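Structure first, commentary second.
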Amino acid sequence: MSENKVAVITAGGSGMGAASARRLAADGFKVAILSSSGKGEALAAELGGIGVTGSNQSNDDLKRLVDFAVSTFGRIDVLVNSAGHGPRAEITAITDEDWHKGMDVYLLNVVRPVRLVAPIMKAQKSGSIVNISTAWAFEPSSMFPTSAVFRAGLAAYTKIFADTYAADNIRINNVLPGWIDSLPGTEERRDSVPMKRYGTSEEIAATVAFLASEGAGYITGQNIRVDGGLMRSV
């Protein structure tokens, strides 16, 4: 069994997921990365880890990733759940099909891999799960309707999981990014932020890495805003 700690990152081929994988690797973790584009496999190779090309909407692909991580490294200490982009439209124009797609992208993207890693972490009596959510989970924006609705659900899921597994020393927390530089920048959005700038993917990754670390060992069931003060009054 490897003496290194092991981090599994889903949707880790680009953006905040990839930045999190790079930061965790720099912190000494062995990384196992899932992405649908193939970029995750390339990044994993660069970082000395392993990668699987597949979707976090597929239980089979996720099981391949988890099984590969365990067979290669012997354990899973951290799970980071990133996500792609779900459907967007005026609230009453969203079809049933698109609501289901939104649930796949923004809620079940966490539920599926957590179901796989929880027994592994329980056997180890340790583990940290970090989900990349959104600053608009509690004060929703019509710009991101499916994201806001299902990430509010993710907050509830996170609290229930935390209650259930805290005694097994398994922690779970959500990171809530505001406007981040992986998105196209606009002056209007920048001006809406008290810090008057977009955040960086690296700043999100640093928060993920902290929540994955022993220094955050007494933090679970939380939603951590990383938004430049955007939702400071909520």
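Residue names in the structure tokens use chain letters A, B, ... in the order shown, residue numbers from 1 in each chain, and ligand numbers from 1 in the order shown.
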List as a PyMOL selection string the protein and nucleic acid residues near Thr92 in chain A, meaning an atom at most 12 Å away when only C-alpha atoms are counted, but skip any in the same chain fewer than 4 places from it. chain A and resi 88+96+98-99+142+145-146
How would the residues just picked look written out with C-alpha atoms as a PDB file, in the first residue's frame?
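Output below, filename part.pdb:
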ATOM      1  CA  ARG A  88     -30.124  27.265 -18.508  1.00  0.00           C
ATOM      2  CA  ASP A  96     -38.730  18.052 -17.589  1.00  0.00           C
ATOM      3  CA  ASP A  98     -33.615  19.561 -18.748  1.00  0.00           C
ATOM      4  CA  TRP A  99     -34.553  19.507 -15.053  1.00  0.00           C
ATOM      5  CA  SER A 142     -32.207  33.350 -12.602  1.00  0.00           C
ATOM      6  CA  PRO A 145     -31.672  28.088 -12.371  1.00  0.00           C
ATOM      7  CA  THR A 146     -30.869  24.361 -12.479  1.00  0.00           C
TER       8      THR A 146
END
Gly28 in chain A surroundings by only C-alpha atoms, 8 Å radius, close-in-sequence under 3 positions cut, as a list of chain:residue names: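 My reading of the contact set: A:Asn4, A:Lys5, A:Leu24, A:Ala25.
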Could you list, with a cut-off of 9 Å and counting only C-alpha atoms, the residues of range 108-197 of chain A near range 212-229 of chain A, each shown with its nearest atom pair and the distance in Å rounded to one decimal, rows sorted by chain and ascending number, as a tab-separated table?
residue	atom	partner	partner_atom	distance
A:Gly127	CA	A:Ala212	CA	8.3
A:Ser128	CA	A:Ala212	CA	5.6
A:Ile129	CA	A:Ala212	CA	7.3
A:Val130	CA	A:Ala212	CA	7.1
A:Ser133	CA	A:Asn223	CA	8.6
A:Thr134	CA	A:Arg225	CA	8.1
A:Ala135	CA	A:Arg225	CA	6.1
A:Ala155	CA	A:Asn223	CA	7.3
A:Thr158	CA	A:Gly221	CA	5.7
A:Lys159	CA	A:Gly221	CA	4.8
A:Ile160	CA	A:Gly221	CA	8.0
A:Phe161	CA	A:Gly221	CA	7.7
A:Ala162	CA	A:Gly221	CA	5.1
A:Asp163	CA	A:Gly221	CA	7.7
A:Ala166	CA	A:Thr220	CA	7.6
A:Asn169	CA	A:Gly217	CA	8.6
A:Ile170	CA	A:Thr220	CA	8.3
A:Arg171	CA	A:Thr220	CA	4.9
A:Ile172	CA	A:Thr220	CA	5.2
A:Asn173	CA	A:Gln222	CA	5.0
A:Asn174	CA	A:Asn223	CA	4.7
A:Val175	CA	A:Ile224	CA	4.9
A:Leu176	CA	A:Arg225	CA	4.5
A:Pro177	CA	A:Val226	CA	4.9
A:Gly178	CA	A:Asp227	CA	4.1
A:Trp179	CA	A:Asp227	CA	6.6
A:Ile180	CA	A:Asp227	CA	8.2
A:Val193	CA	A:Gly228	CA	6.1
A:Pro194	CA	A:Gly229	CA	5.6
A:Met195	CA	A:Gly228	CA	5.3
A:Lys196	CA	A:Gly228	CA	7.9
A:Arg197	CA	A:Gly228	CA	7.7
Requested write-out: N, CA, C and O atoms of the selected residues, as a compact mmCIF listing (two decimals), in the first residue's frame:
# COMPACT_ATOMS: atom_id res chain seq x y z
N GLY A 127 -11.53 10.17 5.99
CA GLY A 127 -11.78 10.61 4.64
C GLY A 127 -12.36 12.01 4.61
O GLY A 127 -12.98 12.46 5.58
N SER A 128 -12.12 12.70 3.51
CA SER A 128 -12.66 14.05 3.32
C SER A 128 -13.25 14.15 1.92
O SER A 128 -12.60 13.80 0.93
N ILE A 129 -14.50 14.61 1.85
CA ILE A 129 -15.19 14.82 0.57
C ILE A 129 -15.42 16.31 0.41
O ILE A 129 -15.92 16.97 1.33
N VAL A 130 -15.02 16.85 -0.74
CA VAL A 130 -15.18 18.28 -1.00
C VAL A 130 -15.93 18.43 -2.33
O VAL A 130 -15.47 17.92 -3.36
N SER A 133 -19.51 23.65 -5.44
CA SER A 133 -20.91 24.02 -5.62
C SER A 133 -20.97 25.41 -6.27
O SER A 133 -20.28 25.67 -7.25
N THR A 134 -21.75 26.31 -5.72
CA THR A 134 -21.89 27.66 -6.28
C THR A 134 -22.28 28.65 -5.19
O THR A 134 -22.99 28.30 -4.23
N ALA A 135 -21.85 29.89 -5.34
CA ALA A 135 -22.20 30.95 -4.39
C ALA A 135 -23.70 31.23 -4.39
O ALA A 135 -24.22 31.82 -3.44
N ALA A 155 -26.69 20.99 -0.64
CA ALA A 155 -26.41 21.46 0.72
C ALA A 155 -27.13 20.59 1.74
O ALA A 155 -26.57 20.23 2.78
N THR A 158 -25.46 17.18 1.89
CA THR A 158 -24.18 17.28 2.59
C THR A 158 -24.38 17.25 4.10
O THR A 158 -23.63 16.58 4.83
N LYS A 159 -25.38 17.95 4.59
CA LYS A 159 -25.64 17.97 6.03
C LYS A 159 -26.08 16.60 6.53
O LYS A 159 -25.65 16.15 7.61
N ILE A 160 -26.92 15.91 5.75
CA ILE A 160 -27.36 14.58 6.17
C ILE A 160 -26.20 13.60 6.15
O ILE A 160 -26.03 12.80 7.08
N PHE A 161 -25.36 13.67 5.11
CA PHE A 161 -24.19 12.78 5.05
C PHE A 161 -23.25 13.07 6.23
O PHE A 161 -22.72 12.15 6.86
N ALA A 162 -23.03 14.35 6.51
CA ALA A 162 -22.14 14.72 7.62
C ALA A 162 -22.64 14.13 8.93
O ALA A 162 -21.87 13.57 9.72
N ASP A 163 -23.94 14.25 9.18
CA ASP A 163 -24.51 13.69 10.39
C ASP A 163 -24.31 12.17 10.46
O ASP A 163 -24.05 11.61 11.52
N ALA A 166 -19.99 11.37 10.45
CA ALA A 166 -19.01 12.09 11.26
C ALA A 166 -18.33 11.17 12.27
O ALA A 166 -17.13 11.28 12.53
N ASN A 169 -15.27 9.49 11.20
CA ASN A 169 -14.18 10.41 10.83
C ASN A 169 -14.15 10.68 9.32
O ASN A 169 -13.09 10.87 8.74
N ILE A 170 -15.34 10.71 8.73
CA ILE A 170 -15.46 11.11 7.32
C ILE A 170 -16.14 12.47 7.30
O ILE A 170 -17.22 12.65 7.85
N ARG A 171 -15.47 13.41 6.67
CA ARG A 171 -15.97 14.78 6.60
C ARG A 171 -16.47 15.08 5.19
O ARG A 171 -15.98 14.52 4.22
N ILE A 172 -17.42 16.00 5.09
CA ILE A 172 -17.91 16.44 3.78
C ILE A 172 -18.24 17.93 3.86
O ILE A 172 -18.86 18.39 4.83
N ASN A 173 -17.78 18.68 2.88
CA ASN A 173 -18.02 20.13 2.84
C ASN A 173 -18.18 20.58 1.40
O ASN A 173 -17.68 19.93 0.46
N ASN A 174 -18.85 21.70 1.24
CA ASN A 174 -19.04 22.30 -0.08
C ASN A 174 -18.28 23.61 -0.18
O ASN A 174 -18.29 24.42 0.75
N VAL A 175 -17.63 23.83 -1.31
CA VAL A 175 -17.01 25.10 -1.64
C VAL A 175 -17.95 25.84 -2.59
O VAL A 175 -18.40 25.27 -3.59
N LEU A 176 -18.23 27.11 -2.28
CA LEU A 176 -19.21 27.89 -3.05
C LEU A 176 -18.50 29.03 -3.79
O LEU A 176 -18.36 30.13 -3.26
N PRO A 177 -18.03 28.78 -5.02
CA PRO A 177 -17.33 29.83 -5.76
C PRO A 177 -18.29 30.88 -6.30
O PRO A 177 -19.41 30.57 -6.73
N GLY A 178 -17.82 32.12 -6.30
CA GLY A 178 -18.52 33.19 -7.01
C GLY A 178 -18.04 33.26 -8.45
O GLY A 178 -17.86 32.25 -9.11
N TRP A 179 -17.82 34.49 -8.92
CA TRP A 179 -17.32 34.67 -10.29
C TRP A 179 -15.84 34.28 -10.34
O TRP A 179 -15.02 34.90 -9.68
N ILE A 180 -15.53 33.26 -11.11
CA ILE A 180 -14.18 32.71 -11.17
C ILE A 180 -13.65 32.84 -12.59
O ILE A 180 -14.42 32.80 -13.56
N VAL A 193 -18.87 42.55 -7.45
CA VAL A 193 -18.10 41.89 -6.39
C VAL A 193 -17.42 42.96 -5.53
O VAL A 193 -16.74 43.84 -6.06
N PRO A 194 -17.59 42.94 -4.22
CA PRO A 194 -16.94 43.94 -3.38
C PRO A 194 -15.44 44.04 -3.59
O PRO A 194 -14.88 45.14 -3.50
N MET A 195 -14.77 42.91 -3.89
CA MET A 195 -13.33 42.95 -4.12
C MET A 195 -12.96 43.43 -5.53
O MET A 195 -11.79 43.59 -5.85
N LYS A 196 -13.99 43.64 -6.37
CA LYS A 196 -13.82 44.22 -7.71
C LYS A 196 -12.91 43.39 -8.61
O LYS A 196 -12.17 43.92 -9.43
N ARG A 197 -12.98 42.08 -8.46
CA ARG A 197 -12.24 41.21 -9.36
C ARG A 197 -12.87 39.82 -9.35
O ARG A 197 -13.63 39.47 -8.45
In terms of the shortest atom-to-atom distance over only C-alpha atoms, which of A:Leu211, A:Ser182, A:Val80, A:Val70 is closest to Tyr198 in chain A?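 Closest residue, counting only C-alpha atoms: A:Ser182.
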In terms of only C-alpha atoms, the residue from A:Ala69, A:Gln57, A:Glu41, A:Phe138 at minimal distance from Val111 in chain A is A:Gln57
Can you work out which one of A:Arg75, A:Arg64, A:Arg22, A:His85 has the shortest atom-to-atom distance to Ala44 in chain A, counting only C-alpha atoms?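 The closest residue to Ala44 in chain A is A:Arg22.
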Let's see if you can do this: from backbone DSSP, list all helix (DSSP H, G or I) residues in range 27-158 of chain A, as an NGL selection string. :A and (39-46 or 59-73 or 91-93 or 96-106 or 108-124 or 145-158)
Contacts of Gly13 in chain A at 10 Å or less, counting only C-alpha atoms, minus same-chain residues fewer than 2 places along, as JSON, numbers by chain? {"A": [9, 10, 11, 15, 16, 17, 18, 19, 21, 33, 34, 35, 36, 37, 38, 39, 40, 41, 42, 43, 44, 51, 53, 82]}
Find the residue from A:Arg23, A:Lys101, A:Arg232, A:Arg112 that sits nearest to Ser58 in chain A; use only C-alpha atoms when measuring.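 Of all the options, A:Arg112 lies closest to Ser58 in chain A.
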Might you pull out every residue within 9 Å of Val6 in chain A, with only C-alpha atoms counted and same-chain residues fewer than 3 positions away left off, and present them as a count of residues only? 14
Taking the backbone alone, and naming residues the way the document does, which bits of range 61-226 of chain A are strand (DSSP E) by DSSP, as a PDB file with C-alpha atoms, in the first residue's frame?
ATOM      1  CA  VAL A  78     -10.062  12.588  -0.482  1.00  0.00           C
ATOM      2  CA  LEU A  79     -12.856  12.858  -3.037  1.00  0.00           C
ATOM      3  CA  VAL A  80     -13.280  16.145  -4.907  1.00  0.00           C
ATOM      4  CA  ASN A  81     -16.476  16.469  -6.927  1.00  0.00           C
ATOM      5  CA  GLY A 127     -11.785  10.612   4.636  1.00  0.00           C
ATOM      6  CA  SER A 128     -12.662  14.046   3.317  1.00  0.00           C
ATOM      7  CA  ILE A 129     -15.186  14.819   0.567  1.00  0.00           C
ATOM      8  CA  VAL A 130     -15.178  18.280  -1.004  1.00  0.00           C
ATOM      9  CA  ASN A 131     -17.866  19.332  -3.473  1.00  0.00           C
ATOM     10  CA  ILE A 132     -17.488  22.356  -5.732  1.00  0.00           C
ATOM     11  CA  ILE A 170     -15.464  11.106   7.324  1.00  0.00           C
ATOM     12  CA  ARG A 171     -15.970  14.785   6.597  1.00  0.00           C
ATOM     13  CA  ILE A 172     -17.912  16.440   3.784  1.00  0.00           C
ATOM     14  CA  ASN A 173     -18.017  20.127   2.841  1.00  0.00           C
ATOM     15  CA  ASN A 174     -19.043  22.299  -0.083  1.00  0.00           C
ATOM     16  CA  VAL A 175     -17.009  25.103  -1.636  1.00  0.00           C
ATOM     17  CA  LEU A 176     -19.206  27.886  -3.051  1.00  0.00           C
ATOM     18  CA  PRO A 177     -17.328  29.828  -5.760  1.00  0.00           C
ATOM     19  CA  GLN A 222     -20.316  23.264   5.914  1.00  0.00           C
ATOM     20  CA  ASN A 223     -20.784  25.521   2.885  1.00  0.00           C
ATOM     21  CA  ILE A 224     -17.725  27.748   2.445  1.00  0.00           C
ATOM     22  CA  ARG A 225     -18.230  30.826   0.273  1.00  0.00           C
ATOM     23  CA  VAL A 226     -15.243  31.876  -1.846  1.00  0.00           C
TER      24      VAL A 226
END
Can you work out the spacing between CA of Ile94 in chain A and CA of Val149 in chain A in Å, to one decimal?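 That distance, rounded to one decimal, is 12.3 Å.
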With only C-alpha atoms as the atoms that count, which of A:Met231, A:Leu65, A:Met103, A:Ala45 lies nearest to Phe150 in chain A?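 Checking each of A:Met231, A:Leu65, A:Met103, A:Ala45 against Phe150 in chain A, counting only C-alpha atoms, the winner is A:Met103.
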